[in-house]
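Structure, as structure tokens:
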Amino acid sequence: QVQLVESGGGLVQAGGSLRLSCAASGRTFSTYAMGWFRQAPGKEREFVSAISWGGSSTDYADSVKGRFTISRDNAKNTVYLQMNSLKPEDTAVYYCAAHKWGTGSTWRTTSEYDYWGQGTQVTVSS
């Protein structure tokens, strides 16, 4: 069992930055690929970014590529999402998720993830 707790959300003006964190419980964090997803009101949950077990591979949705950076610290059981140049359309609840032994081909699929956090709200004002 893995528990995930997100933090770092908030209200920011367009063009600003936020850094989300996701702290994981358990001693097997390094065996999970980690993903960030988001869900805006009235929309489906969508993939944002993912990172491999060791952190050497990453993937980004086209909408955030070049603005967001995912990273992880396996010693701290934590994954991060640095969000720069935020836009109003980035407003959503952001969720982190853990995918046991996940490979790149499955990172973008919500149903492939084993554990989810409760989400953290990000609001970008124009």
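Chain labels run A, B, ... following the order of the structure tokens; each chain numbers its residues from 1, and ligands are numbered from 1 in the order shown.
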
Quick check for you: according to DSSP on this backbone, which residues of chain A are classed as strand (DSSP E)? Reply as a VMD selection string. chain A and resid 4 to 7 10 to 13 18 to 24 32 to 39 46 to 51 58 to 60 68 to 73 78 to 83 92 to 100 115 to 116 120 to 125

Range 80-83 of chain A surroundings by only C-alpha atoms, 6 Å radius, close-in-sequence under 6 positions cut, as a short mmCIF file (atom, residue, chain, number, x, y, z; two decimals) with N, CA, C and O atoms, in the first residue's frame:
```cif
data_model
loop_
_atom_site.label_atom_id
_atom_site.label_comp_id
_atom_site.auth_asym_id
_atom_site.auth_seq_id
_atom_site.Cartn_x
_atom_site.Cartn_y
_atom_site.Cartn_z
N SER A 17 4.62 31.10 -11.05
CA SER A 17 5.13 29.73 -10.87
C SER A 17 4.61 29.12 -9.58
O SER A 17 4.31 29.83 -8.61
N LEU A 18 4.52 27.82 -9.60
CA LEU A 18 4.23 27.03 -8.41
C LEU A 18 5.03 25.75 -8.48
O LEU A 18 5.35 25.26 -9.57
N ARG A 19 5.32 25.20 -7.31
CA ARG A 19 5.99 23.90 -7.25
C ARG A 19 5.13 22.95 -6.42
O ARG A 19 4.92 23.18 -5.23
N LEU A 20 4.64 21.93 -7.08
CA LEU A 20 3.86 20.91 -6.39
C LEU A 20 4.79 19.81 -5.88
O LEU A 20 5.78 19.47 -6.53
N SER A 21 4.43 19.27 -4.73
CA SER A 21 5.15 18.13 -4.17
C SER A 21 4.17 17.00 -3.92
O SER A 21 2.99 17.23 -3.64
N PHE A 68 6.63 23.10 -17.66
CA PHE A 68 6.61 22.28 -16.45
C PHE A 68 7.81 21.34 -16.45
O PHE A 68 8.25 20.88 -17.51
N THR A 69 8.30 21.04 -15.24
CA THR A 69 9.40 20.09 -15.08
C THR A 69 9.08 19.13 -13.95
O THR A 69 8.79 19.57 -12.83
N ILE A 70 9.15 17.85 -14.24
CA ILE A 70 8.94 16.83 -13.22
C ILE A 70 10.29 16.32 -12.74
O ILE A 70 11.25 16.21 -13.51
N SER A 71 10.36 16.03 -11.45
CA SER A 71 11.58 15.46 -10.88
C SER A 71 11.19 14.61 -9.68
O SER A 71 10.06 14.67 -9.21
N ARG A 72 12.14 13.83 -9.20
CA ARG A 72 11.86 13.01 -8.03
C ARG A 72 13.12 12.88 -7.19
O ARG A 72 14.25 12.95 -7.71
#
```

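The residue that comes closest to Val79 in chain A, out of A:Ser52, A:Ser126, A:Thr106, A:Thr120 and on the basis of only C-alpha atoms, is A:Ser52.
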
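Of the residues in range 4-102 of chain A, those given helix (DSSP H, G or I) by DSSP on the backbone are Phe29, Ser30, Thr31, Pro88, Glu89 and Asp90 of chain A.
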
Go ahead and write the selection's residues with N, CA and C atoms as a PDB file, in the first residue's frame.
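Output below, filename out-v4.pdb:
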```
ATOM      1  N   PHE A  29       9.165   3.165  -2.943  1.00  0.00           N
ATOM      2  CA  PHE A  29       8.888   4.311  -3.828  1.00  0.00           C
ATOM      3  C   PHE A  29       9.662   4.212  -5.129  1.00  0.00           C
ATOM      4  N   SER A  30      10.896   3.754  -5.053  1.00  0.00           N
ATOM      5  CA  SER A  30      11.749   3.720  -6.241  1.00  0.00           C
ATOM      6  C   SER A  30      11.311   2.675  -7.260  1.00  0.00           C
ATOM      7  N   THR A  31      10.347   1.853  -6.933  1.00  0.00           N
ATOM      8  CA  THR A  31       9.845   0.863  -7.887  1.00  0.00           C
ATOM      9  C   THR A  31       8.609   1.362  -8.644  1.00  0.00           C
ATOM     10  N   PRO A  88      -4.089  30.648 -17.359  1.00  0.00           N
ATOM     11  CA  PRO A  88      -5.416  30.369 -16.762  1.00  0.00           C
ATOM     12  C   PRO A  88      -5.924  28.965 -17.107  1.00  0.00           C
ATOM     13  N   GLU A  89      -5.592  28.463 -18.277  1.00  0.00           N
ATOM     14  CA  GLU A  89      -6.040  27.124 -18.663  1.00  0.00           C
ATOM     15  C   GLU A  89      -5.325  26.005 -17.899  1.00  0.00           C
ATOM     16  N   ASP A  90      -4.341  26.340 -17.093  1.00  0.00           N
ATOM     17  CA  ASP A  90      -3.711  25.353 -16.220  1.00  0.00           C
ATOM     18  C   ASP A  90      -4.506  25.149 -14.928  1.00  0.00           C
TER      19      ASP A  90
END
```

Can you tell me, as a short mmCIF file (atom, residue, chain, number, x, y, z; two decimals) with all heavy atoms, in the first residue's frame, what residues are no more than 12 Å from Ser63 in chain A when counting only C-alpha atoms, ignoring any on the same chain fewer than 3 positions away?
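What ended up in part-v4.cif:
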```
data_model
loop_
_atom_site.label_atom_id
_atom_site.label_comp_id
_atom_site.auth_asym_id
_atom_site.auth_seq_id
_atom_site.Cartn_x
_atom_site.Cartn_y
_atom_site.Cartn_z
N ARG A 38 -4.25 16.15 -14.09
CA ARG A 38 -5.06 17.27 -13.64
C ARG A 38 -6.48 17.12 -14.15
O ARG A 38 -6.72 16.48 -15.18
CB ARG A 38 -4.46 18.60 -14.07
CG ARG A 38 -4.45 18.84 -15.57
CD ARG A 38 -3.69 20.12 -15.89
NE ARG A 38 -3.70 20.43 -17.32
CZ ARG A 38 -3.00 21.41 -17.88
NH1 ARG A 38 -2.23 22.20 -17.12
NH2 ARG A 38 -3.06 21.60 -19.18
N GLU A 46 -6.73 14.50 -17.08
CA GLU A 46 -5.79 14.40 -18.19
C GLU A 46 -4.35 14.29 -17.69
O GLU A 46 -4.00 14.80 -16.63
CB GLU A 46 -5.91 15.62 -19.12
CG GLU A 46 -5.52 16.94 -18.48
CD GLU A 46 -5.55 18.09 -19.50
OE1 GLU A 46 -5.87 17.87 -20.68
OE2 GLU A 46 -5.20 19.22 -19.09
N PHE A 47 -3.56 13.64 -18.51
CA PHE A 47 -2.15 13.46 -18.21
C PHE A 47 -1.41 14.78 -18.32
O PHE A 47 -1.66 15.58 -19.22
CB PHE A 47 -1.56 12.46 -19.21
CG PHE A 47 -0.07 12.35 -19.18
CD1 PHE A 47 0.56 11.60 -18.20
CD2 PHE A 47 0.71 12.97 -20.15
CE1 PHE A 47 1.92 11.49 -18.17
CE2 PHE A 47 2.08 12.87 -20.13
CZ PHE A 47 2.69 12.13 -19.15
N VAL A 48 -0.48 14.99 -17.37
CA VAL A 48 0.37 16.18 -17.39
C VAL A 48 1.83 15.79 -17.61
O VAL A 48 2.48 16.27 -18.52
CB VAL A 48 0.23 16.98 -16.08
CG1 VAL A 48 1.22 18.15 -16.06
CG2 VAL A 48 -1.20 17.47 -15.90
N SER A 49 2.31 14.88 -16.76
CA SER A 49 3.73 14.52 -16.83
C SER A 49 3.95 13.22 -16.08
O SER A 49 3.14 12.84 -15.23
CB SER A 49 4.58 15.64 -16.22
OG SER A 49 5.96 15.34 -16.34
N ASP A 59 8.17 12.37 -19.38
CA ASP A 59 7.22 12.60 -20.46
C ASP A 59 6.34 13.77 -20.07
O ASP A 59 6.04 13.95 -18.88
CB ASP A 59 6.39 11.33 -20.69
CG ASP A 59 5.53 11.41 -21.93
OD1 ASP A 59 5.82 12.21 -22.83
OD2 ASP A 59 4.52 10.67 -22.00
N TYR A 60 5.92 14.54 -21.06
CA TYR A 60 5.09 15.70 -20.82
C TYR A 60 3.97 15.78 -21.85
O TYR A 60 4.18 15.46 -23.03
CB TYR A 60 5.91 16.99 -20.90
CG TYR A 60 6.99 17.10 -19.85
CD1 TYR A 60 8.28 16.67 -20.13
CD2 TYR A 60 6.71 17.63 -18.59
CE1 TYR A 60 9.27 16.77 -19.16
CE2 TYR A 60 7.70 17.73 -17.63
CZ TYR A 60 8.99 17.29 -17.91
OH TYR A 60 9.97 17.38 -16.96
N GLY A 66 7.95 22.39 -21.92
CA GLY A 66 8.73 23.61 -21.92
C GLY A 66 8.39 24.55 -20.78
O GLY A 66 9.12 25.52 -20.53
N ARG A 67 7.28 24.28 -20.08
CA ARG A 67 6.88 25.14 -18.96
C ARG A 67 6.94 24.38 -17.62
O ARG A 67 7.23 24.97 -16.59
CB ARG A 67 5.45 25.66 -19.17
CG ARG A 67 5.29 26.49 -20.41
CD ARG A 67 3.89 27.14 -20.44
NE ARG A 67 2.82 26.15 -20.53
CZ ARG A 67 1.82 26.05 -19.63
NH1 ARG A 67 1.78 26.87 -18.59
NH2 ARG A 67 0.88 25.13 -19.78
N PHE A 68 6.63 23.10 -17.66
CA PHE A 68 6.61 22.28 -16.45
C PHE A 68 7.81 21.34 -16.45
O PHE A 68 8.25 20.88 -17.51
CB PHE A 68 5.33 21.43 -16.39
CG PHE A 68 4.06 22.19 -16.16
CD1 PHE A 68 4.01 23.58 -16.22
CD2 PHE A 68 2.89 21.51 -15.87
CE1 PHE A 68 2.84 24.28 -16.02
CE2 PHE A 68 1.70 22.19 -15.65
CZ PHE A 68 1.67 23.58 -15.74
N MET A 83 6.10 24.25 -12.01
CA MET A 83 5.23 24.81 -13.03
C MET A 83 5.57 26.28 -13.21
O MET A 83 5.41 27.07 -12.28
CB MET A 83 3.77 24.64 -12.64
CG MET A 83 3.38 23.20 -12.31
SD MET A 83 1.62 22.98 -12.02
CE MET A 83 1.41 23.95 -10.56
N SER A 85 5.50 29.84 -15.97
CA SER A 85 4.71 30.49 -17.03
C SER A 85 3.27 29.99 -17.02
O SER A 85 2.72 29.63 -18.07
CB SER A 85 5.36 30.24 -18.39
OG SER A 85 6.69 30.71 -18.42
N LEU A 86 2.69 29.97 -15.86
CA LEU A 86 1.34 29.41 -15.73
C LEU A 86 0.32 30.23 -16.49
O LEU A 86 0.43 31.46 -16.61
CB LEU A 86 0.97 29.31 -14.25
CG LEU A 86 1.63 28.13 -13.53
CD1 LEU A 86 1.59 28.34 -12.02
CD2 LEU A 86 0.93 26.83 -13.91
N LYS A 87 -0.68 29.52 -17.01
CA LYS A 87 -1.75 30.13 -17.78
C LYS A 87 -3.09 29.84 -17.11
O LYS A 87 -3.21 28.84 -16.38
CB LYS A 87 -1.76 29.54 -19.19
CG LYS A 87 -0.45 29.65 -19.94
CD LYS A 87 -0.54 28.93 -21.28
CE LYS A 87 0.78 29.01 -22.04
NZ LYS A 87 0.70 28.28 -23.34
N GLU A 89 -5.59 28.46 -18.28
CA GLU A 89 -6.04 27.12 -18.66
C GLU A 89 -5.33 26.01 -17.90
O GLU A 89 -5.69 24.84 -18.04
CB GLU A 89 -5.88 26.91 -20.17
CG GLU A 89 -4.51 27.24 -20.72
CD GLU A 89 -4.45 28.64 -21.31
OE1 GLU A 89 -4.99 29.59 -20.69
OE2 GLU A 89 -3.86 28.78 -22.41
N ASP A 90 -4.34 26.34 -17.09
CA ASP A 90 -3.71 25.35 -16.22
C ASP A 90 -4.51 25.15 -14.93
O ASP A 90 -4.18 24.26 -14.13
CB ASP A 90 -2.28 25.78 -15.85
CG ASP A 90 -1.35 25.80 -17.04
OD1 ASP A 90 -1.42 24.86 -17.86
OD2 ASP A 90 -0.55 26.74 -17.15
#
```

For the interface of range 53-111 of chain A with range 34-37 of chain A (cut-off 7 Å, counting only C-alpha atoms), please tabulate each contacting residue of range 53-111 of chain A alongside its nearest pair of atoms and their separation in Å to one decimal, rows sorted by chain and increasing number, as JSON lines.
```
{"residue": "A:Tyr94", "atom": "CA", "partner": "A:Phe37", "partner_atom": "CA", "distance": 5.7}
{"residue": "A:Tyr95", "atom": "CA", "partner": "A:Phe37", "partner_atom": "CA", "distance": 5.2}
{"residue": "A:Cys96", "atom": "CA", "partner": "A:Trp36", "partner_atom": "CA", "distance": 4.5}
{"residue": "A:Ala97", "atom": "CA", "partner": "A:Gly35", "partner_atom": "CA", "distance": 5.1}
{"residue": "A:Ala98", "atom": "CA", "partner": "A:Met34", "partner_atom": "CA", "distance": 4.7}
{"residue": "A:His99", "atom": "CA", "partner": "A:Met34", "partner_atom": "CA", "distance": 6.1}
{"residue": "A:Trp107", "atom": "CA", "partner": "A:Gly35", "partner_atom": "CA", "distance": 7.0}
```

Work out how far CA of Gly26 in chain A is from CA of Ala61 in chain A, in Å to one decimal.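 Rounded to one decimal, the two atoms are 28.3 Å apart.
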
Find the residues around Gly10 in chain A up to 9 Å (only C-alpha atoms counted), leave out those fewer than 2 positions away in its own chain, and share them as a ChimeraX atom specification. /A:8,12,18,120-124

Length of the CA of Tyr32 in chain A to CA of Lys100 in chain A vector [Å]: 4.4 Å

Considering only C-alpha atoms, state which residue in the set A:Thr28, A:Gln39, A:Ala33, A:Gln1 is at the smallest distance from Glu112 in chain A.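 Among A:Thr28, A:Gln39, A:Ala33, A:Gln1, it is A:Ala33 that comes nearest to Glu112 in chain A.
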
Contacts of Ser25 in chain A at 7 Å (only C-alpha atoms; same-chain gap of 2+ positions) as a VMD selection string: chain A and resid 2 to 4 23

Generate a file of the selected residues that holds C-alpha atoms, formatted as a PDB file, in the first residue's frame.
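Listed below is the output, result_34.pdb:
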```pdb
ATOM      1  CA  VAL A   2       1.251   3.442  -0.956  1.00  0.00           C
ATOM      2  CA  GLN A   3      -0.238   6.682   0.294  1.00  0.00           C
ATOM      3  CA  LEU A   4       0.331   9.856  -1.668  1.00  0.00           C
ATOM      4  CA  ALA A  23       5.099  12.698  -0.663  1.00  0.00           C
TER       5      ALA A  23
END
```

To one decimal place, how far is CA of Gln13 in chain A from CA of Thr58 in chain A in Å? 26.9 Å
